[in-house]
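*Asks:* Here you go, model.cif (mmCIF, C-alpha atoms):
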data_structure
#
loop_
_atom_site.label_atom_id
_atom_site.label_comp_id
_atom_site.auth_asym_id
_atom_site.auth_seq_id
_atom_site.Cartn_x
_atom_site.Cartn_y
_atom_site.Cartn_z
CA MET A 1 -39.88 -3.58 3.85
CA ARG A 2 -37.76 -1.57 1.43
CA PRO A 3 -38.57 -2.26 -2.21
CA ARG A 4 -35.91 -4.02 -4.20
CA GLY A 5 -34.32 -2.07 -6.99
CA SER A 6 -33.94 -3.39 -10.48
CA VAL A 7 -30.67 -1.66 -11.30
CA LEU A 8 -28.19 -4.23 -12.55
CA LEU A 9 -24.72 -3.11 -11.58
CA ALA A 10 -22.02 -2.56 -14.17
CA SER A 11 -19.16 -4.97 -14.61
CA LEU A 12 -16.00 -4.76 -12.56
CA SER A 13 -13.91 -3.23 -15.30
CA ARG A 14 -11.82 -1.03 -13.10
CA THR A 15 -10.89 -3.85 -10.77
CA ALA A 16 -9.29 -6.10 -13.35
CA THR A 17 -5.79 -4.94 -12.56
CA VAL A 18 -6.10 -5.71 -8.89
CA LEU A 19 -7.96 -9.02 -8.80
CA ALA A 20 -4.80 -10.92 -9.67
CA LEU A 21 -3.28 -9.59 -6.48
CA ALA A 22 -6.18 -10.64 -4.30
CA SER A 23 -4.97 -14.17 -3.60
CA ALA A 24 -1.66 -12.99 -2.17
CA ALA A 25 -1.18 -13.78 1.50
CA ALA A 26 -2.13 -10.91 3.79
CA CYS A 27 0.49 -9.31 6.01
CA GLY A 28 0.33 -8.15 9.63
CA SER A 29 -2.14 -9.22 12.30
CA ASP A 30 -5.64 -8.93 13.67
CA PRO A 31 -6.97 -5.37 13.66
CA SER A 32 -8.27 -5.74 17.21
CA GLY A 33 -4.79 -6.28 18.63
CA GLY A 34 -1.13 -6.27 17.65
CA PRO A 35 0.52 -4.32 14.81
CA ALA A 36 -1.68 -2.89 12.12
CA LEU A 37 -1.50 -4.30 8.62
CA SER A 38 1.18 -2.75 6.46
CA VAL A 39 -0.07 -0.45 3.74
CA PRO A 40 0.89 -1.54 0.21
CA ALA A 41 3.80 0.48 -1.11
CA ASP A 42 1.80 1.71 -4.09
CA THR A 43 -1.07 3.09 -2.02
CA ALA A 44 -1.43 6.65 -3.26
CA THR A 45 -2.11 9.40 -0.76
CA SER A 46 -1.73 12.34 -3.14
CA ALA A 47 -5.38 11.98 -4.22
CA ILE A 48 -6.71 12.25 -0.67
CA ALA A 49 -8.54 15.53 -0.10
CA CYS A 50 -8.18 16.37 3.59
CA ALA A 51 -10.85 18.21 5.53
CA GLY A 52 -11.68 18.78 9.17
CA SER A 53 -9.68 17.75 12.20
CA GLY A 54 -9.88 15.71 15.38
CA GLN A 55 -10.82 12.10 16.06
CA VAL A 56 -13.42 10.22 14.00
CA LEU A 57 -14.74 7.20 15.89
CA GLY A 58 -16.05 4.08 14.20
CA ALA A 59 -16.92 0.57 15.35
CA GLY A 60 -18.41 -2.66 14.10
CA SER A 61 -17.62 -5.32 11.53
CA THR A 62 -14.52 -7.37 12.22
CA ALA A 63 -14.56 -8.59 8.61
CA GLN A 64 -13.62 -5.12 7.38
CA GLY A 65 -11.10 -4.53 10.16
CA ASN A 66 -8.07 -5.28 7.99
CA ALA A 67 -9.35 -2.92 5.29
CA ILE A 68 -9.92 -0.12 7.79
CA ASP A 69 -6.38 -0.63 9.12
CA ILE A 70 -4.98 -0.02 5.64
CA TRP A 71 -7.22 2.95 4.97
CA LYS A 72 -6.76 4.77 8.26
CA THR A 73 -2.98 4.49 8.01
CA ALA A 74 -2.94 5.99 4.51
CA PHE A 75 -5.50 8.67 5.40
CA SER A 76 -3.72 9.74 8.59
CA SER A 77 -0.45 9.96 6.68
CA ALA A 78 -2.01 12.37 4.22
CA CYS A 79 -4.20 14.17 6.79
CA PRO A 80 -2.30 14.28 10.12
CA SER A 81 -4.91 16.57 11.70
CA VAL A 82 -7.45 13.72 11.60
CA THR A 83 -7.29 10.48 13.58
CA ILE A 84 -9.52 7.59 12.51
CA THR A 85 -10.20 5.19 15.39
CA TYR A 86 -12.05 1.96 14.65
CA GLY A 87 -13.08 -0.71 17.14
CA ALA A 88 -13.63 -4.11 15.50
CA SER A 89 -16.38 -5.18 17.88
CA GLY A 90 -18.74 -7.01 15.50
CA SER A 91 -21.52 -5.67 13.31
CA GLY A 92 -24.21 -5.90 15.97
CA ALA A 93 -22.15 -4.03 18.56
CA GLY A 94 -21.20 -1.38 16.01
CA ILE A 95 -24.83 -0.67 15.14
CA GLN A 96 -25.68 -0.43 18.83
CA GLN A 97 -22.88 2.09 19.41
CA PHE A 98 -23.95 4.12 16.39
CA THR A 99 -27.58 4.15 17.50
CA ALA A 100 -26.46 5.32 20.93
CA GLY A 101 -24.52 8.21 19.35
CA LYS A 102 -21.15 6.93 20.53
CA VAL A 103 -19.49 6.66 17.09
CA ALA A 104 -19.60 8.66 13.87
CA PHE A 105 -19.95 5.56 11.71
CA ALA A 106 -20.58 1.87 12.12
CA GLY A 107 -19.34 -1.00 9.98
CA SER A 108 -21.82 -3.80 9.29
CA ASP A 109 -21.73 -6.82 7.00
CA ALA A 110 -25.52 -6.69 6.81
CA ALA A 111 -27.69 -3.74 5.83
CA LEU A 112 -29.83 -2.08 8.47
CA LYS A 113 -33.18 -3.72 9.14
CA PRO A 114 -36.28 -1.45 9.19
CA ALA A 115 -36.39 -1.51 13.01
CA GLU A 116 -32.71 -0.59 13.17
CA ILE A 117 -33.29 2.33 10.81
CA ASP A 118 -36.10 3.56 13.04
CA ALA A 119 -33.80 3.33 16.07
CA THR A 120 -31.23 5.62 14.39
CA ARG A 121 -33.65 8.53 14.03
CA THR A 122 -32.98 9.71 17.58
CA THR A 123 -29.25 9.95 16.92
CA CYS A 124 -29.61 11.26 13.37
CA THR A 125 -31.52 14.45 14.15
CA GLY A 126 -33.78 15.20 11.21
CA GLY A 127 -32.58 12.13 9.32
CA GLN A 128 -31.82 8.44 9.64
CA GLY A 129 -29.03 5.90 9.35
CA ILE A 130 -28.16 4.83 5.81
CA ASP A 131 -26.06 2.01 4.35
CA LEU A 132 -23.01 2.86 2.22
CA PRO A 133 -21.43 -0.24 0.63
CA MET A 134 -17.67 0.11 1.01
CA VAL A 135 -15.89 -3.24 1.38
CA GLY A 136 -16.46 -6.23 -0.88
CA GLY A 137 -15.43 -9.65 0.30
CA LEU A 138 -16.35 -13.26 0.67
CA VAL A 139 -17.09 -15.63 3.51
CA SER A 140 -14.49 -18.37 3.43
CA ILE A 141 -15.39 -21.79 4.88
CA VAL A 142 -12.06 -22.48 6.57
CA TYR A 143 -11.01 -25.87 7.85
CA ASN A 144 -8.17 -27.64 9.61
CA ILE A 145 -8.48 -31.35 8.83
CA ASP A 146 -5.59 -33.66 9.56
CA GLY A 147 -4.04 -34.70 6.24
CA VAL A 148 -6.54 -32.84 4.03
CA ASP A 149 -5.65 -29.78 1.95
CA SER A 150 -8.48 -29.89 -0.60
CA LEU A 151 -12.17 -29.92 0.31
CA VAL A 152 -15.45 -29.39 -1.54
CA LEU A 153 -18.73 -28.62 0.23
CA ASP A 154 -22.19 -27.48 -0.82
CA GLY A 155 -25.09 -25.63 0.82
CA PRO A 156 -26.90 -28.64 2.32
CA THR A 157 -23.69 -30.17 3.67
CA ILE A 158 -22.46 -26.91 5.21
CA ALA A 159 -25.86 -26.42 6.85
CA LYS A 160 -25.83 -29.92 8.33
CA ILE A 161 -22.24 -29.58 9.58
CA PHE A 162 -22.95 -26.34 11.40
CA ASP A 163 -26.22 -27.68 12.83
CA SER A 164 -24.64 -30.92 14.15
CA GLN A 165 -26.60 -33.06 11.68
CA ILE A 166 -23.29 -34.24 10.18
CA THR A 167 -20.73 -34.92 12.88
CA THR A 168 -17.81 -36.83 11.32
CA TRP A 169 -15.53 -35.91 8.43
CA ASN A 170 -16.00 -39.22 6.62
CA ASP A 171 -19.78 -38.86 6.55
CA PRO A 172 -21.17 -40.13 3.22
CA ALA A 173 -22.45 -36.66 2.28
CA ILE A 174 -18.93 -35.20 2.52
CA THR A 175 -17.15 -38.14 0.89
CA ALA A 176 -19.55 -38.00 -2.07
CA LEU A 177 -18.42 -34.42 -2.74
CA ASN A 178 -14.74 -35.35 -2.39
CA PRO A 179 -13.95 -38.47 -4.43
CA GLY A 180 -10.36 -39.59 -3.98
CA VAL A 181 -9.84 -37.55 -0.80
CA SER A 182 -8.97 -39.53 2.32
CA LEU A 183 -11.23 -37.99 4.95
CA PRO A 184 -10.59 -39.06 8.55
CA ASP A 185 -13.05 -40.87 10.79
CA ALA A 186 -12.87 -37.93 13.17
CA GLU A 187 -15.40 -35.77 14.95
CA ILE A 188 -16.07 -32.40 13.32
CA GLN A 189 -15.35 -29.40 15.52
CA ALA A 190 -17.62 -26.68 14.11
CA ILE A 191 -16.83 -23.13 15.23
CA HIS A 192 -19.25 -20.21 14.90
CA ARG A 193 -19.35 -16.58 15.96
CA ALA A 194 -20.23 -15.85 19.58
CA ASP A 195 -21.13 -12.21 18.89
CA ASP A 196 -23.85 -10.75 16.68
CA SER A 197 -22.17 -10.74 13.30
CA GLY A 198 -22.92 -9.62 9.78
CA THR A 199 -20.67 -12.45 8.59
CA THR A 200 -23.06 -14.86 10.32
CA ASP A 201 -25.96 -13.06 8.65
CA ASN A 202 -24.39 -13.54 5.21
CA LEU A 203 -23.61 -17.20 5.89
CA THR A 204 -27.16 -17.90 7.03
CA GLN A 205 -28.59 -15.99 4.06
CA TYR A 206 -26.59 -18.36 1.86
CA LEU A 207 -27.75 -21.43 3.80
CA ALA A 208 -31.37 -20.32 3.62
CA ALA A 209 -31.05 -19.98 -0.15
CA THR A 210 -29.10 -23.14 -0.93
CA SER A 211 -29.52 -25.80 1.77
CA GLY A 212 -32.78 -27.24 0.47
CA GLY A 213 -34.39 -26.82 3.88
CA ALA A 214 -31.52 -28.34 5.86
CA TRP A 215 -31.00 -24.96 7.57
CA THR A 216 -34.27 -24.42 9.40
CA TYR A 217 -33.50 -21.08 11.05
CA PRO A 218 -34.15 -17.59 9.65
CA PRO A 219 -31.09 -15.62 8.49
CA ALA A 220 -29.77 -13.51 11.35
CA LYS A 221 -26.70 -11.92 12.91
CA SER A 222 -27.09 -14.16 15.98
CA TRP A 223 -26.05 -17.80 15.72
CA ALA A 224 -28.92 -20.30 15.93
CA GLY A 225 -27.40 -23.65 14.92
CA ARG A 226 -27.10 -26.52 17.37
CA GLY A 227 -23.85 -27.55 19.02
CA GLY A 228 -20.36 -26.48 18.06
CA GLN A 229 -17.96 -24.07 19.70
CA SER A 230 -18.02 -20.29 19.59
CA ALA A 231 -15.40 -17.55 19.29
CA SER A 232 -15.58 -13.77 19.19
CA GLY A 233 -14.89 -11.92 15.96
CA SER A 234 -13.43 -13.08 12.69
CA ALA A 235 -10.00 -13.12 14.30
CA GLY A 236 -11.27 -15.34 17.12
CA VAL A 237 -12.86 -17.87 14.76
CA ALA A 238 -9.75 -17.98 12.57
CA ALA A 239 -7.47 -18.50 15.57
CA GLN A 240 -9.71 -21.25 16.93
CA VAL A 241 -9.78 -23.12 13.62
CA LYS A 242 -6.01 -22.83 13.33
CA GLN A 243 -5.54 -24.29 16.81
CA VAL A 244 -8.12 -27.08 16.73
CA THR A 245 -7.52 -30.12 14.53
CA ASN A 246 -10.48 -31.36 12.45
CA SER A 247 -12.27 -28.05 12.85
CA ILE A 248 -14.29 -25.87 10.49
CA GLY A 249 -15.42 -22.25 10.70
CA TYR A 250 -16.29 -19.21 8.60
CA VAL A 251 -14.37 -15.95 8.25
CA GLU A 252 -13.79 -13.19 5.74
CA LEU A 253 -11.11 -14.20 3.22
CA SER A 254 -8.43 -11.82 4.48
CA PHE A 255 -8.50 -13.60 7.85
CA ALA A 256 -8.15 -16.96 6.12
CA GLN A 257 -5.12 -15.63 4.27
CA THR A 258 -3.56 -13.97 7.32
CA ASN A 259 -3.83 -17.23 9.28
CA ASN A 260 -2.78 -19.48 6.36
CA LEU A 261 -6.02 -21.45 6.58
CA ASP A 262 -7.37 -23.67 3.82
CA SER A 263 -10.72 -22.68 2.31
CA ALA A 264 -13.31 -25.09 0.93
CA ALA A 265 -14.48 -24.84 -2.67
CA ILE A 266 -18.25 -24.63 -3.06
CA ALA A 267 -20.30 -26.89 -5.33
CA THR A 268 -22.97 -24.53 -6.67
CA GLY A 269 -24.44 -26.44 -9.59
CA ALA A 270 -21.89 -24.96 -12.00
CA SER A 271 -19.75 -27.36 -14.03
CA LYS A 272 -17.10 -27.48 -11.31
CA PRO A 273 -16.77 -26.38 -7.67
CA VAL A 274 -15.92 -22.70 -7.23
CA GLU A 275 -12.81 -21.74 -5.28
CA ALA A 276 -12.90 -19.06 -2.60
CA THR A 277 -11.03 -16.33 -4.44
CA ALA A 278 -11.58 -12.61 -4.74
CA ALA A 279 -11.92 -12.89 -8.51
CA ASN A 280 -14.70 -15.48 -8.17
CA ALA A 281 -16.46 -13.37 -5.54
CA ALA A 282 -16.21 -10.35 -7.83
CA THR A 283 -18.22 -12.25 -10.44
CA THR A 284 -21.08 -12.58 -7.95
CA ILE A 285 -20.85 -9.05 -6.55
CA SER A 286 -20.99 -7.63 -10.09
CA THR A 287 -24.59 -8.85 -10.35
CA ALA A 288 -25.74 -7.22 -7.11
CA GLN A 289 -28.76 -4.92 -7.23
CA PHE A 290 -29.63 -1.82 -5.24
CA ALA A 291 -32.38 -2.48 -2.72
CA GLY A 292 -32.40 0.66 -0.58
CA THR A 293 -34.51 3.76 -1.11
CA GLY A 294 -33.34 7.36 -1.35
CA ASN A 295 -29.76 7.70 -0.17
CA ASP A 296 -29.72 4.22 1.35
CA LEU A 297 -27.52 2.06 -0.91
CA ALA A 298 -28.25 -1.38 0.53
CA LEU A 299 -27.68 -4.20 -1.96
CA THR A 300 -29.18 -7.59 -2.68
CA LEU A 301 -26.76 -10.43 -3.43
CA ASP A 302 -27.44 -13.65 -5.32
CA TYR A 303 -26.36 -16.31 -2.81
CA GLY A 304 -27.91 -19.02 -4.97
CA THR A 305 -25.94 -18.23 -8.11
CA GLN A 306 -24.96 -21.12 -10.36
CA GLN A 307 -23.00 -18.96 -12.77
CA GLU A 308 -19.66 -20.43 -13.84
CA GLY A 309 -16.84 -19.14 -11.66
CA ALA A 310 -19.17 -17.24 -9.31
CA TYR A 311 -18.39 -17.81 -5.63
CA PRO A 312 -21.76 -17.63 -3.87
CA LEU A 313 -20.82 -16.85 -0.29
CA VAL A 314 -20.10 -13.15 -0.71
CA LEU A 315 -20.52 -10.17 1.57
CA VAL A 316 -20.53 -6.41 1.29
CA THR A 317 -19.68 -4.40 4.37
CA TYR A 318 -21.49 -1.12 4.80
CA GLU A 319 -20.41 2.05 6.55
CA ILE A 320 -23.50 3.28 8.37
CA VAL A 321 -23.83 7.04 8.78
CA CYS A 322 -26.62 9.57 9.19
CA ASP A 323 -27.95 11.10 6.00
CA LYS A 324 -28.73 14.17 8.12
CA GLY A 325 -27.78 14.94 11.68
CA ASN A 326 -24.17 13.72 11.69
CA GLN A 327 -21.94 14.98 14.48
CA PRO A 328 -20.96 18.48 13.28
CA GLY A 329 -17.52 18.42 14.89
CA THR A 330 -16.38 15.46 12.81
CA LEU A 331 -18.62 15.72 9.73
CA ASP A 332 -16.02 17.23 7.39
CA ALA A 333 -13.37 14.71 8.42
CA LEU A 334 -15.84 11.83 8.13
CA LYS A 335 -16.83 12.88 4.62
CA ALA A 336 -13.19 13.21 3.59
CA PHE A 337 -12.37 9.74 4.91
CA LEU A 338 -15.37 8.06 3.27
CA THR A 339 -14.70 9.83 -0.02
CA TYR A 340 -11.18 8.42 0.06
CA THR A 341 -12.27 4.87 0.97
CA ALA A 342 -14.74 4.77 -1.92
CA GLY A 343 -12.06 5.93 -4.34
CA ASN A 344 -10.06 3.86 -6.79
CA ASP A 345 -6.76 4.06 -4.89
CA ALA A 346 -8.30 2.86 -1.63
CA GLN A 347 -10.25 0.05 -3.29
CA GLN A 348 -7.13 -1.16 -5.10
CA ALA A 349 -5.13 -1.07 -1.86
CA ILE A 350 -7.44 -3.53 -0.12
CA GLY A 351 -7.75 -5.65 -3.26
CA ALA A 352 -4.20 -6.82 -2.60
CA LYS A 353 -5.23 -8.06 0.86
CA GLY A 354 -8.01 -10.51 0.07
CA TYR A 355 -10.91 -8.09 -0.39
CA VAL A 356 -12.93 -7.46 -3.55
CA PRO A 357 -12.74 -3.92 -4.97
CA LEU A 358 -16.27 -2.70 -5.55
CA PRO A 359 -17.43 -1.80 -9.07
CA THR A 360 -17.69 1.84 -10.05
CA ALA A 361 -21.46 1.44 -10.38
CA ILE A 362 -21.48 1.20 -6.59
CA THR A 363 -18.63 3.49 -5.56
CA SER A 364 -19.74 6.39 -7.76
CA LYS A 365 -23.12 6.39 -6.02
CA VAL A 366 -21.42 6.17 -2.62
CA THR A 367 -19.26 9.21 -3.44
CA THR A 368 -22.31 11.20 -4.49
CA VAL A 369 -24.21 10.37 -1.30
CA VAL A 370 -21.19 11.12 0.92
CA ALA A 371 -20.87 14.59 -0.64
CA GLY A 372 -24.42 15.37 0.48
CA LEU A 373 -24.16 14.20 4.09
CA SER A 374 -25.06 16.89 6.59
#
Rewrite the structure from the file as structure tokens, please.

*Replies:*
Amino acid sequence: MRPRGSVLLASLSRTATVLALASAAACGSDPSGGPALSVPADTATSAIACAGSGQVLGAGSTAQGNAIDIWKTAFSSACPSVTITYGASGSGAGIQQFTAGKVAFAGSDAALKPAEIDATRTTCTGGQGIDLPMVGGLVSIVYNIDGVDSLVLDGPTIAKIFDSQITTWNDPAITALNPGVSLPDAEIQAIHRADDSGTTDNLTQYLAATSGGAWTYPPAKSWAGRGGQSASGSAGVAAQVKQVTNSIGYVELSFAQTNNLDSAAIATGASKPVEATAANAATTISTAQFAGTGNDLALTLDYGTQQEGAYPLVLVTYEIVCDKGNQPGTLDALKAFLTYTAGNDAQQAIGAKGYVPLPTAITSKVTTVVAGLS
């Protein structure tokens, strides 16, 4: 087990100008198919320092797929000799491809476990895989209930819905959280991820912390709850919820926005339920602590927060690279790309698309570690 750090992260001062943009509807389509997301007009490329050439391969988290689309378009525009190719295959698949030496970096919504770190040592000659936090976001509990456009849920109720312990929308546990809302006497269609997913890991971390024992399974990338339907990737879950009446699922906020899906507010114990907004997620992420050792920048997140205006179901997506032993042919280009993505311009660009720009207390450490990759 890696010891938990005690470094309280600084406030999100540099993100204040972009958080107001974060609730705007996202443009474009799913990163795994169709046109890429448009890059905001004010995305600066002049600050990008190009290096290297060729194709840099990445794979993994679908939650960060929309962010990578924005970043790779801006980076390739500034650095035409480098092509960034990212396959949004899910966090578990991305880690597997990285461990097998098939990609230069993997995206994961959950930090590497000790066994996964050990498995990277073969690929990372003389080193190991490390976690670089790069994309802040939140897990939105999206729903499509006939005649309902406002919904409040809490940890125990979410756990019971996704474990088939609550099966109808007018169940007393749900109606108690939603006074005055006319909930239908309709069967709940709960939709979860079919693939190993860091988004699932973050959801189940939250349920383990807040459900009061209603969620009886250990947090994991693989789905363990009973019943329900499954779909692949964040895009697949979002599409399924959009198509199926009286359904509920969980996706990263940008996918909720892109698909015009309603998101539930979460009753946390604060004075009022907390809406699923980037600004509210930023409040929670600002209290994250470093948990990794050495150059590993894994974070711990407070899923059980009861702070006013703090949305508890947050996630941070990591780019996983070797601290030593990276592929020499693409190392310079990889470092240039990651330096850009951790920078202020790149973080602001994705802040307008439903993500949460990370605080400088995180990104400054990321930039320092990236500079030393070998």

*Asks:* Run the PyMOL selection byres ((chain A and resi 174) around 10) on the file and write out the hits as a list of chain:residue names.

*Replies:*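 What the PyMOL selection byres ((chain A and resi 174) around 10) grabs from the file is A:Leu151, A:Val152, A:Leu153, A:Asp154, A:Thr157, A:Ile158, A:Ile161, A:Ile166, A:Thr168, A:Trp169, A:Asn170, A:Asp171, A:Pro172, A:Ala173, A:Thr175, A:Ala176, A:Leu177, A:Asn178, A:Pro179, A:Val181, A:Leu183.
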
*Asks:* Restricting it to C-alpha atoms, dump the selection as a compact mmCIF listing (two decimals), keeping the file's coordinate frame.

*Replies:*
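What follows is the written file result27.txt:
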# COMPACT_ATOMS: atom_id res chain seq x y z
CA LEU A 151 -12.17 -29.92 0.31
CA VAL A 152 -15.45 -29.39 -1.54
CA LEU A 153 -18.73 -28.62 0.23
CA ASP A 154 -22.19 -27.48 -0.82
CA THR A 157 -23.69 -30.17 3.67
CA ILE A 158 -22.46 -26.91 5.21
CA ILE A 161 -22.24 -29.58 9.58
CA ILE A 166 -23.29 -34.24 10.18
CA THR A 168 -17.81 -36.83 11.32
CA TRP A 169 -15.53 -35.91 8.43
CA ASN A 170 -16.00 -39.22 6.62
CA ASP A 171 -19.78 -38.86 6.55
CA PRO A 172 -21.17 -40.13 3.22
CA ALA A 173 -22.45 -36.66 2.28
CA THR A 175 -17.15 -38.14 0.89
CA ALA A 176 -19.55 -38.00 -2.07
CA LEU A 177 -18.42 -34.42 -2.74
CA ASN A 178 -14.74 -35.35 -2.39
CA PRO A 179 -13.95 -38.47 -4.43
CA VAL A 181 -9.84 -37.55 -0.80
CA LEU A 183 -11.23 -37.99 4.95

*Asks:* For Val370 (chain A), which of A:Gly343, A:Pro218, A:Pro357, A:Gly65 is the closest residue, counting all atoms listed in the file?

*Replies:*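 That would be A:Gly343, the residue with the smallest distance to Val370 (chain A).
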
*Asks:* Please identify all polymer residues within 7 Å of region 105-110 of chain A, counting only C-alpha atoms, omitting same-chain residues fewer than 3 positions from it, and present them as number ranges by chain.

*Replies:* A: 57-61, 91, 94-95, 98, 198-199, 201, 315-321

*Asks:* On this structure, the PyMOL selection byres ((chain A and resi 310) around 7) would catch which residues? List them as an MDAnalysis selection string, sorted by chain and number.

*Replies:* chainID A and resid 274 280:281 283:284 305 307:309 311:312

*Asks:* So that I can check the surroundings of Ile248 (chain A), please list as a list of chain:residue names every protein, DNA and RNA residue that reaches within 7 Å of it, counting all atoms listed in the file and ignoring chain neighbours fewer than 2 positions away.

*Replies:*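 Skipping anything fewer than 2 positions along the chain leaves A:Val142, A:Tyr143, A:Asn144, A:Gln189, A:Ala190, A:Ile191, A:Val241, A:Asn246.
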
*Asks:* Which polymer residues have any atom within 10 Å of an atom of region 113-116 of chain A, counting all atoms listed in the file, with same-chain residues fewer than 3 positions away left out, as a ChimeraX atom specification?

*Replies:* /A:1-2,95-96,99,110,119-121,128-129

*Asks:* Would you put the residues from that selection into a file with C-alpha atoms, as a PDB file, in the frame of the given file?

*Replies:*
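To be explicit, this is the file written out as out-v2.pdb:
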ATOM      1  CA  MET A   1     -39.880  -3.580   3.850  1.00  0.00           C
ATOM      2  CA  ARG A   2     -37.760  -1.570   1.430  1.00  0.00           C
ATOM      3  CA  ILE A  95     -24.830  -0.670  15.140  1.00  0.00           C
ATOM      4  CA  GLN A  96     -25.680  -0.430  18.830  1.00  0.00           C
ATOM      5  CA  THR A  99     -27.580   4.150  17.500  1.00  0.00           C
ATOM      6  CA  ALA A 110     -25.520  -6.690   6.810  1.00  0.00           C
ATOM      7  CA  ALA A 119     -33.800   3.330  16.070  1.00  0.00           C
ATOM      8  CA  THR A 120     -31.230   5.620  14.390  1.00  0.00           C
ATOM      9  CA  ARG A 121     -33.650   8.530  14.030  1.00  0.00           C
ATOM     10  CA  GLN A 128     -31.820   8.440   9.640  1.00  0.00           C
ATOM     11  CA  GLY A 129     -29.030   5.900   9.350  1.00  0.00           C
TER      12      GLY A 129
END

*Asks:* List every protein, DNA or RNA residue that has an atom no more than 12 Å from (-14.8, -18.5, 4.3) in the file's coordinate frame, counting only C-alpha atoms, and report them as an MDAnalysis selection string.

*Replies:* chainID A and resid 63 137:143 153 158 192 199:200 202:203 234 237:238 241 248:257 261:266 275:278 281 311:315 354

*Asks:* Wanna dump the region 76-168 of chain A-region 221-225 of chain A contacts at 9 Å for me, each residue with its shortest atom pair and the distance in Å to one decimal, counting all atoms listed in the file, ordered by chain and number, as CSV?

*Replies:*
residue,atom,partner,partner_atom,distance
A:Ser91,CA,A:Lys221,CA,8.1
A:Gly92,CA,A:Lys221,CA,7.2
A:Ala110,CA,A:Lys221,CA,8.1
A:Ala159,CA,A:Gly225,CA,8.7
A:Phe162,CA,A:Gly225,CA,6.3
A:Asp163,CA,A:Gly225,CA,4.7
A:Ser164,CA,A:Gly225,CA,7.8

*Asks:* Could you jot down the CA of Ala282 (chain A) to CA of Gly136 (chain A) separation for me, Å, one decimal place?

*Replies:* 8.1 Å

*Asks:* Restricting the calculation to all atoms listed in the file, which member of A:Leu297, A:Ala342, A:Ala231, A:Ala47 is positioned closest to Asp131 (chain A)?

*Replies:*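 Residue with the minimum atom-to-atom distance to Asp131 (chain A): A:Leu297.
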
*Asks:* Choose the residue, out of A:Gly372, A:Gly147, A:Gly292, A:Gly351, that has the smallest atom-to-atom separation from Ile130 (chain A); count all atoms listed in the file.

*Replies:*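 Checking each of A:Gly372, A:Gly147, A:Gly292, A:Gly351 against Ile130 (chain A), counting all atoms listed in the file, the winner is A:Gly292.
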
*Asks:* Could you please determine the separation between CA of Gly90 (chain A) and CA of Glu187 (chain A) in Å, to one decimal place?

*Replies:*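 Interatomic distance, CA of Gly90 (chain A) to CA of Glu187 (chain A): 29.0 Å.
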
*Asks:* Please, what distance in Å, to one decimal, runs between CA of Thr85 (chain A) and CA of Lys72 (chain A)?

*Replies:*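 CA of Lys72 (chain A) lies 7.9 Å from CA of Thr85 (chain A).
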
*Asks:* Give as an MDAnalysis selection string the set of residues within 12 Å of the point (-26.2, 13.3, 14.3), where distances use the file's coordinates and only C-alpha atoms.

*Replies:* chainID A and resid 98:105 120:129 320:331 373:374

*Asks:* Considering all atoms listed in the file, state which residue in the set A:Ala186, A:Leu338, A:Ile70, A:Ala267 is at the smallest distance from Thr368 (chain A).

*Replies:*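 Using all atoms listed in the file, the shortest distance to Thr368 (chain A) belongs to A:Leu338.
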
*Asks:* Which residue out of A:Thr367, A:Asp146, A:Gln205, A:Ala333 has the minimum interatomic distance to Gly54 (chain A) when all atoms listed in the file are used?

*Replies:* A:Ala333

*Asks:* Could you check the closest approach to Leu207 (chain A) for each of A:Gly87, A:Pro184, A:Gly227, A:Gly304 and tell me which residue wins, using all atoms listed in the file?

*Replies:*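 Ranked by minimum distance to Leu207 (chain A), first place goes to A:Gly304.
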
*Asks:* Can you pull out every residue within 9 Å of Ala336 (chain A), counting only C-alpha atoms, but drop anything in the same chain fewer than 6 positions away, and send it as a list in words?

*Replies:*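 Within the cut-off, the hits are Ile48, Ala49, Cys50, Ala51, Gly52, Val370 and Ala371 of chain A.
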